[in-house]
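Engineer: Structure file work.cif (mmCIF, C-alpha atoms) right here:
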data_target
loop_
_atom_site.group_PDB
_atom_site.id
_atom_site.type_symbol
_atom_site.label_atom_id
_atom_site.label_comp_id
_atom_site.auth_asym_id
_atom_site.auth_seq_id
_atom_site.Cartn_x
_atom_site.Cartn_y
_atom_site.Cartn_z
ATOM 1 C CA SER W 1 8.882 11.998 -35.498
ATOM 2 C CA LEU W 2 6.641 10.544 -32.827
ATOM 3 C CA PRO W 3 7.149 7.117 -31.263
ATOM 4 C CA THR W 4 4.623 4.552 -32.402
ATOM 5 C CA SER W 5 5.525 1.449 -30.403
ATOM 6 C CA GLY W 6 3.943 2.387 -27.074
ATOM 7 C CA ARG W 7 0.564 1.690 -25.530
ATOM 8 C CA ASP W 8 -2.709 3.513 -25.848
ATOM 9 C CA LEU W 9 -3.400 4.294 -22.200
ATOM 10 C CA LEU W 10 -6.735 5.758 -21.150
ATOM 11 C CA LEU W 11 -7.180 6.765 -17.506
ATOM 12 C CA ALA W 12 -10.777 6.829 -16.259
ATOM 13 C CA VAL W 13 -11.068 8.930 -13.081
ATOM 14 C CA ASP W 14 -14.074 9.116 -10.755
ATOM 15 C CA LEU W 15 -15.238 12.711 -10.141
ATOM 16 C CA SER W 16 -18.337 11.841 -8.121
ATOM 17 C CA GLY W 17 -19.037 13.756 -4.917
ATOM 18 C CA SER W 18 -17.517 11.052 -2.724
ATOM 19 C CA MET W 19 -14.088 11.904 -4.135
ATOM 20 C CA GLU W 20 -14.169 14.992 -1.872
ATOM 21 C CA ILE W 21 -13.927 12.832 1.256
ATOM 22 C CA GLU W 22 -10.703 13.498 3.159
ATOM 23 C CA ASP W 23 -9.484 10.023 4.050
ATOM 24 C CA MET W 24 -6.216 9.941 2.093
ATOM 25 C CA GLN W 25 -2.749 11.261 2.743
ATOM 26 C CA VAL W 26 -0.494 13.173 0.366
ATOM 27 C CA ASN W 27 2.989 14.072 1.590
ATOM 28 C CA GLY W 28 1.954 13.126 5.108
ATOM 29 C CA GLU W 29 -1.046 15.473 5.112
ATOM 30 C CA ARG W 30 -4.718 14.518 5.164
ATOM 31 C CA ALA W 31 -6.201 15.030 1.676
ATOM 32 C CA GLN W 32 -9.309 14.500 -0.389
ATOM 33 C CA ARG W 33 -9.451 11.374 -2.533
ATOM 34 C CA ILE W 34 -9.333 13.418 -5.735
ATOM 35 C CA ILE W 35 -6.210 15.260 -4.551
ATOM 36 C CA ALA W 36 -4.466 11.925 -3.921
ATOM 37 C CA VAL W 37 -5.452 10.616 -7.354
ATOM 38 C CA LYS W 38 -4.239 13.812 -9.012
ATOM 39 C CA ALA W 39 -0.915 13.607 -7.166
ATOM 40 C CA VAL W 40 -0.307 10.018 -8.272
ATOM 41 C CA LEU W 41 -1.379 10.582 -11.886
ATOM 42 C CA ASN W 42 0.719 13.739 -12.183
ATOM 43 C CA GLN W 43 3.756 11.593 -11.364
ATOM 44 C CA PHE W 44 2.672 8.549 -13.406
ATOM 45 C CA ILE W 45 1.672 10.139 -16.730
ATOM 46 C CA PRO W 46 4.966 11.924 -17.558
ATOM 47 C CA GLN W 47 6.763 8.569 -17.205
ATOM 48 C CA ARG W 48 4.747 7.041 -20.073
ATOM 49 C CA LYS W 49 7.327 7.912 -22.748
ATOM 50 C CA GLY W 50 6.274 6.484 -26.116
ATOM 51 C CA ASP W 51 2.695 5.878 -24.970
ATOM 52 C CA ARG W 52 -0.397 7.796 -26.006
ATOM 53 C CA ALA W 53 -2.388 8.841 -22.953
ATOM 54 C CA GLY W 54 -5.914 10.135 -22.566
ATOM 55 C CA LEU W 55 -8.298 10.939 -19.753
ATOM 56 C CA ALA W 56 -11.902 9.942 -19.175
ATOM 57 C CA ILE W 57 -13.732 11.513 -16.260
ATOM 58 C CA PHE W 58 -16.944 10.171 -14.838
ATOM 59 C CA GLY W 59 -19.582 10.802 -12.244
ATOM 60 C CA THR W 60 -23.197 10.398 -13.300
ATOM 61 C CA GLN W 61 -21.925 10.563 -16.902
ATOM 62 C CA ALA W 62 -18.604 9.810 -18.573
ATOM 63 C CA TYR W 63 -16.618 12.136 -20.840
ATOM 64 C CA VAL W 64 -13.256 11.886 -22.587
ATOM 65 C CA GLN W 65 -10.983 14.894 -22.225
ATOM 66 C CA PRO W 66 -8.420 14.955 -23.668
ATOM 67 C CA PRO W 67 -8.455 12.123 -26.200
ATOM 68 C CA LEU W 68 -5.382 9.936 -26.713
ATOM 69 C CA THR W 69 -2.277 12.021 -27.345
ATOM 70 C CA PHE W 70 1.504 11.738 -27.291
ATOM 71 C CA ASP W 71 1.551 15.129 -25.518
ATOM 72 C CA LEU W 72 2.124 13.914 -21.959
ATOM 73 C CA THR W 73 1.898 17.457 -20.574
ATOM 74 C CA THR W 74 -1.712 17.908 -21.715
ATOM 75 C CA VAL W 75 -3.177 14.955 -19.812
ATOM 76 C CA PRO W 76 -1.775 15.995 -16.393
ATOM 77 C CA ARG W 77 -2.993 19.548 -17.040
ATOM 78 C CA PHE W 78 -6.530 18.291 -17.685
ATOM 79 C CA MET W 79 -6.261 16.105 -14.572
ATOM 80 C CA ARG W 80 -5.122 19.042 -12.430
ATOM 81 C CA GLU W 81 -8.036 21.135 -13.742
ATOM 82 C CA ALA W 82 -10.660 18.399 -13.242
ATOM 83 C CA GLN W 83 -13.189 19.349 -10.590
ATOM 84 C CA ILE W 84 -15.730 17.346 -8.632
ATOM 85 C CA GLY W 85 -19.089 17.802 -10.332
ATOM 86 C CA SER W 86 -17.712 18.423 -13.815
ATOM 87 C CA ALA W 87 -19.100 15.002 -14.803
ATOM 88 C CA ASP W 88 -22.293 15.316 -12.722
ATOM 89 C CA GLU W 89 -21.417 14.259 -9.209
ATOM 90 C CA ASP W 90 -24.500 12.498 -7.834
ATOM 91 C CA ARG W 91 -23.716 8.993 -9.078
ATOM 92 C CA THR W 92 -20.807 6.805 -10.143
ATOM 93 C CA ALA W 93 -21.207 5.479 -13.694
ATOM 94 C CA ILE W 94 -18.410 2.908 -13.751
ATOM 95 C CA GLY W 95 -20.006 0.910 -16.573
ATOM 96 C CA ASP W 96 -20.293 4.027 -18.733
ATOM 97 C CA ALA W 97 -16.639 4.894 -18.056
ATOM 98 C CA ILE W 98 -15.560 1.385 -19.082
ATOM 99 C CA GLY W 99 -17.731 1.521 -22.204
ATOM 100 C CA LEU W 100 -16.679 5.008 -23.290
ATOM 101 C CA SER W 101 -12.989 4.427 -22.781
ATOM 102 C CA GLY W 102 -13.279 1.068 -24.548
ATOM 103 C CA LYS W 103 -14.927 2.753 -27.505
ATOM 104 C CA ARG W 104 -12.097 5.281 -27.717
ATOM 105 C CA LEU W 105 -9.462 2.566 -27.530
ATOM 106 C CA ARG W 106 -11.173 0.368 -30.148
ATOM 107 C CA GLU W 107 -11.032 3.290 -32.569
ATOM 108 C CA ARG W 108 -7.229 3.122 -32.518
ATOM 109 C CA PRO W 109 -5.255 0.577 -34.556
ATOM 110 C CA GLY W 110 -3.025 -1.950 -32.806
ATOM 111 C CA ASN W 111 -3.413 -4.231 -29.845
ATOM 112 C CA ARG W 112 -1.626 -2.467 -26.985
ATOM 113 C CA HIS W 113 -4.669 -0.890 -25.382
ATOM 114 C CA VAL W 114 -4.748 -0.327 -21.632
ATOM 115 C CA ARG W 115 -7.418 1.255 -19.492
ATOM 116 C CA ILE W 116 -6.820 2.242 -15.870
ATOM 117 C CA LEU W 117 -10.052 2.756 -13.979
ATOM 118 C CA LEU W 118 -9.922 4.744 -10.707
ATOM 119 C CA PRO W 119 -13.303 4.593 -8.909
ATOM 120 C CA ASP W 120 -13.832 4.935 -5.174
ATOM 121 C CA GLY W 121 -17.020 2.952 -4.883
ATOM 122 C CA GLN W 122 -19.602 0.928 -6.663
ATOM 123 C CA ASN W 123 -21.491 1.521 -9.864
ATOM 124 C CA ASN W 124 -24.733 3.301 -9.012
ATOM 125 C CA GLY W 125 -25.428 5.321 -12.136
ATOM 126 C CA GLY W 126 -25.184 5.487 -15.875
ATOM 127 C CA GLU W 127 -26.599 3.285 -18.601
ATOM 128 C CA ALA W 128 -24.031 0.486 -18.929
ATOM 129 C CA ASN W 129 -23.536 -2.445 -16.579
ATOM 130 C CA PRO W 130 -19.795 -2.714 -15.716
ATOM 131 C CA ILE W 131 -19.585 -6.513 -16.096
ATOM 132 C CA PRO W 132 -20.789 -6.759 -19.718
ATOM 133 C CA ALA W 133 -18.754 -3.631 -20.566
ATOM 134 C CA ALA W 134 -15.616 -5.269 -19.136
ATOM 135 C CA LYS W 135 -16.341 -8.529 -20.997
ATOM 136 C CA LEU W 136 -16.680 -6.600 -24.259
ATOM 137 C CA ALA W 137 -13.340 -4.910 -23.593
ATOM 138 C CA ALA W 138 -11.718 -8.295 -22.923
ATOM 139 C CA ASP W 139 -13.113 -9.604 -26.211
ATOM 140 C CA LYS W 140 -11.380 -6.660 -27.943
ATOM 141 C CA ASN W 141 -8.057 -7.383 -26.156
ATOM 142 C CA ILE W 142 -8.290 -4.248 -24.036
ATOM 143 C CA ILE W 143 -6.539 -4.665 -20.703
ATOM 144 C CA ILE W 144 -8.343 -3.057 -17.757
ATOM 145 C CA TYR W 145 -6.587 -2.298 -14.494
ATOM 146 C CA ILE W 146 -9.012 -1.289 -11.777
ATOM 147 C CA VAL W 147 -7.551 0.641 -8.873
ATOM 148 C CA VAL W 148 -10.377 0.821 -6.365
ATOM 149 C CA LEU W 149 -9.712 3.420 -3.726
ATOM 150 C CA LEU W 150 -10.234 1.410 -0.549
ATOM 151 C CA LEU W 151 -9.152 4.426 1.331
ATOM 152 C CA MET W 152 -10.249 3.713 4.854
ATOM 153 C CA HIS W 153 -8.149 0.545 4.939
ATOM 154 C CA PHE W 154 -5.320 1.245 2.526
ATOM 155 C CA PRO W 155 -4.350 4.935 2.497
ATOM 156 C CA LEU W 156 -2.184 6.058 -0.392
ATOM 157 C CA TYR W 157 1.048 7.814 0.546
#
Go through the file and emit its structure as structure tokens.
Structural biologist:
Amino acid sequence: SLPTSGRDLLLAVDLSGSMEIEDMQVNGERAQRIIAVKAVLNQFIPQRKGDRAGLAIFGTQAYVQPPLTFDLTTVPRFMREAQIGSADEDRTAIGDAIGLSGKRLRERPGNRHVRILLPDGQNNGGEANPIPAAKLAADKNIIIYIVVLLLMHFPLY
């Protein structure tokens, strides 16, 4: 039997071209932003016992892969395989990522919905404005944690 008391946790990860910038550190070594995000998420996701986790990737467009699942080995695998440009890398569609992940979470019953958004910059693409998308999520009791990668000032170790 599968646990049913956990959260629905959807991680929205920026795959725009700027995520290739090497201004982070992983294990004391200089690393690209995307490598740092992957390292953190590959430690974080397996600890979500009892939660359903899913992954949304975004650049110019936003996609969900994989959808919410109790299989906490699948989400890190998709994260490890995610490549810059796989979601069109020219722009950062933060509003679309918020909207898409909110839509996926609203489809699930219950009220323990959490979205973690990991962009490295500002919204400069996509169709949806991030502010109204975030307000809609709040109206649906979806919690959004935004982890902005302010990498030049706050490197992640």
Engineer: Calculate how many Å separate atom CA of W:Val26 from atom CA of W:Leu118, rounding to one decimal.
Structural biologist: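 Pair atom CA of W:Val26 / atom CA of W:Leu118 returns 16.8 Å.
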Engineer: Residues within 12 Å of W:Lys103, please, as a list of chain:residue names. Count all atoms listed in the file; anything in the same chain fewer than 3 positions from it doesn't count.
Structural biologist: W:Leu10, W:Ala56, W:Ala62, W:Tyr63, W:Val64, W:Pro67, W:Leu68, W:Asp96, W:Ala97, W:Ile98, W:Gly99, W:Leu100, W:Arg106, W:Glu107, W:Arg108, W:His113, W:Arg115, W:Ala133, W:Ala134, W:Leu136, W:Ala137, W:Lys140, W:Ile142
Engineer: On this structure, the PyMOL selection byres ((chain W and resi 51-53) around 6) would catch which residues? List them as JSON, numbers by chain, sorted by chain and number.
Structural biologist: {"W": [6, 7, 8, 9, 10, 48, 49, 50, 54, 68, 69, 70]}
Engineer: For the residues in the current selection, export C-alpha atoms as a PDB file, keeping the file's coordinate frame.
Structural biologist:
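Saved the output as result-v8.pdb:
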ATOM      1  CA  GLY W   6       3.943   2.387 -27.074  1.00  0.00           C
ATOM      2  CA  ARG W   7       0.564   1.690 -25.530  1.00  0.00           C
ATOM      3  CA  ASP W   8      -2.709   3.513 -25.848  1.00  0.00           C
ATOM      4  CA  LEU W   9      -3.400   4.294 -22.200  1.00  0.00           C
ATOM      5  CA  LEU W  10      -6.735   5.758 -21.150  1.00  0.00           C
ATOM      6  CA  ARG W  48       4.747   7.041 -20.073  1.00  0.00           C
ATOM      7  CA  LYS W  49       7.327   7.912 -22.748  1.00  0.00           C
ATOM      8  CA  GLY W  50       6.274   6.484 -26.116  1.00  0.00           C
ATOM      9  CA  GLY W  54      -5.914  10.135 -22.566  1.00  0.00           C
ATOM     10  CA  LEU W  68      -5.382   9.936 -26.713  1.00  0.00           C
ATOM     11  CA  THR W  69      -2.277  12.021 -27.345  1.00  0.00           C
ATOM     12  CA  PHE W  70       1.504  11.738 -27.291  1.00  0.00           C
TER      13      PHE W  70
END
Engineer: Can you work out the spacing between atom CA of W:Asn129 and atom CA of W:Asp14 in Å, to one decimal?
Structural biologist: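 For atom CA of W:Asn129 relative to atom CA of W:Asp14, the distance reads 16.0 Å.
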Engineer: Return as AutoDock Vina command-line options the centre and edge lengths, in Å with one decimal, of the box along x, y and z that encloses every atom of stretch 6-17 of chain W in the file, padded by 6 Å per side.
Structural biologist:
--center_x -7.5 --center_y 7.7 --center_z -16.0 --size_x 35.0 --size_y 24.1 --size_z 34.2
Engineer: Identify, on the basis of all atoms listed in the file, every residue whose closest approach to stretch 124-127 of chain W does not exceed 10 Å; exclude the query and any residue fewer than 4 positions from it along the same chain; express the result as an NGL selection string.
Structural biologist: :W and (58-62 or 90-97 or 99)
Engineer: Please, which residues are within 9 Å of (-11.6, 3.3, -9.9) by the file's coordinates, counting only C-alpha atoms, and could they come as a count of residues only?
Structural biologist: 16
Engineer: What would stretch 11-22 of chain W look like with all heavy atoms in place, written as a JSON list (two decimals), in the frame of the given file?
Structural biologist:
[["chain", "number", "residue", "atom", "x", "y", "z"],
["W", 11, "LEU", "N", -6.93, 6.72, -18.94],
["W", 11, "LEU", "CA", -7.18, 6.76, -17.51],
["W", 11, "LEU", "C", -8.60, 7.24, -17.28],
["W", 11, "LEU", "O", -8.98, 8.30, -17.76],
["W", 11, "LEU", "CB", -6.20, 7.73, -16.84],
["W", 11, "LEU", "CG", -4.74, 7.40, -17.09],
["W", 11, "LEU", "CD1", -3.88, 8.62, -17.01],
["W", 11, "LEU", "CD2", -4.29, 6.34, -16.11],
["W", 12, "ALA", "N", -9.39, 6.46, -16.56],
["W", 12, "ALA", "CA", -10.78, 6.83, -16.26],
["W", 12, "ALA", "C", -10.87, 7.16, -14.77],
["W", 12, "ALA", "O", -10.67, 6.29, -13.92],
["W", 12, "ALA", "CB", -11.73, 5.68, -16.62],
["W", 13, "VAL", "N", -11.12, 8.43, -14.46],
["W", 13, "VAL", "CA", -11.07, 8.93, -13.08],
["W", 13, "VAL", "C", -12.46, 9.33, -12.59],
["W", 13, "VAL", "O", -13.17, 10.09, -13.25],
["W", 13, "VAL", "CB", -10.10, 10.13, -12.99],
["W", 13, "VAL", "CG1", -10.08, 10.70, -11.58],
["W", 13, "VAL", "CG2", -8.70, 9.73, -13.42],
["W", 14, "ASP", "N", -12.81, 8.83, -11.42],
["W", 14, "ASP", "CA", -14.07, 9.12, -10.76],
["W", 14, "ASP", "C", -14.07, 10.56, -10.26],
["W", 14, "ASP", "O", -13.16, 10.97, -9.53],
["W", 14, "ASP", "CB", -14.22, 8.14, -9.58],
["W", 14, "ASP", "CG", -15.53, 8.22, -8.84],
["W", 14, "ASP", "OD1", -16.33, 9.15, -9.08],
["W", 14, "ASP", "OD2", -15.76, 7.31, -8.00],
["W", 15, "LEU", "N", -15.07, 11.34, -10.65],
["W", 15, "LEU", "CA", -15.24, 12.71, -10.14],
["W", 15, "LEU", "C", -16.57, 12.87, -9.43],
["W", 15, "LEU", "O", -17.13, 13.96, -9.36],
["W", 15, "LEU", "CB", -15.13, 13.73, -11.28],
["W", 15, "LEU", "CG", -13.75, 13.93, -11.89],
["W", 15, "LEU", "CD1", -13.80, 15.00, -12.97],
["W", 15, "LEU", "CD2", -12.71, 14.27, -10.84],
["W", 16, "SER", "N", -17.09, 11.76, -8.88],
["W", 16, "SER", "CA", -18.34, 11.84, -8.12],
["W", 16, "SER", "C", -18.07, 12.56, -6.80],
["W", 16, "SER", "O", -16.93, 12.74, -6.38],
["W", 16, "SER", "CB", -18.90, 10.44, -7.87],
["W", 16, "SER", "OG", -18.03, 9.68, -7.05],
["W", 17, "GLY", "N", -19.14, 12.98, -6.15],
["W", 17, "GLY", "CA", -19.04, 13.76, -4.92],
["W", 17, "GLY", "C", -18.24, 13.08, -3.81],
["W", 17, "GLY", "O", -17.60, 13.75, -3.00],
["W", 18, "SER", "N", -18.25, 11.75, -3.78],
["W", 18, "SER", "CA", -17.52, 11.05, -2.72],
["W", 18, "SER", "C", -16.00, 11.21, -2.84],
["W", 18, "SER", "O", -15.27, 10.95, -1.89],
["W", 18, "SER", "CB", -17.88, 9.57, -2.71],
["W", 18, "SER", "OG", -17.56, 8.98, -3.95],
["W", 19, "MET", "N", -15.53, 11.68, -3.97],
["W", 19, "MET", "CA", -14.09, 11.90, -4.14],
["W", 19, "MET", "C", -13.61, 13.12, -3.34],
["W", 19, "MET", "O", -12.41, 13.37, -3.24],
["W", 19, "MET", "CB", -13.74, 12.05, -5.62],
["W", 19, "MET", "CG", -13.90, 10.78, -6.42],
["W", 19, "MET", "SD", -12.75, 9.47, -5.96],
["W", 19, "MET", "CE", -11.23, 10.07, -6.71],
["W", 20, "GLU", "N", -14.54, 13.87, -2.74],
["W", 20, "GLU", "CA", -14.17, 14.99, -1.87],
["W", 20, "GLU", "C", -13.86, 14.55, -0.44],
["W", 20, "GLU", "O", -13.35, 15.34, 0.35],
["W", 20, "GLU", "CB", -15.29, 16.03, -1.84],
["W", 20, "GLU", "CG", -15.45, 16.76, -3.15],
["W", 20, "GLU", "CD", -16.54, 17.81, -3.09],
["W", 20, "GLU", "OE1", -17.68, 17.49, -2.67],
["W", 20, "GLU", "OE2", -16.26, 18.96, -3.47],
["W", 21, "ILE", "N", -14.16, 13.32, -0.11],
["W", 21, "ILE", "CA", -13.93, 12.83, 1.26],
["W", 21, "ILE", "C", -12.43, 12.87, 1.56],
["W", 21, "ILE", "O", -11.61, 12.46, 0.76],
["W", 21, "ILE", "CB", -14.50, 11.41, 1.43],
["W", 21, "ILE", "CG1", -16.01, 11.44, 1.27],
["W", 21, "ILE", "CG2", -14.09, 10.82, 2.79],
["W", 21, "ILE", "CD1", -16.67, 10.07, 1.23],
["W", 22, "GLU", "N", -12.10, 13.37, 2.74],
["W", 22, "GLU", "CA", -10.70, 13.50, 3.16],
["W", 22, "GLU", "C", -10.30, 12.29, 4.00],
["W", 22, "GLU", "O", -10.29, 12.35, 5.23],
["W", 22, "GLU", "CB", -10.50, 14.78, 3.96],
["W", 22, "GLU", "CG", -10.57, 16.03, 3.13],
["W", 22, "GLU", "CD", -10.19, 17.28, 3.90],
["W", 22, "GLU", "OE1", -9.61, 17.17, 5.01],
["W", 22, "GLU", "OE2", -10.48, 18.37, 3.41]]
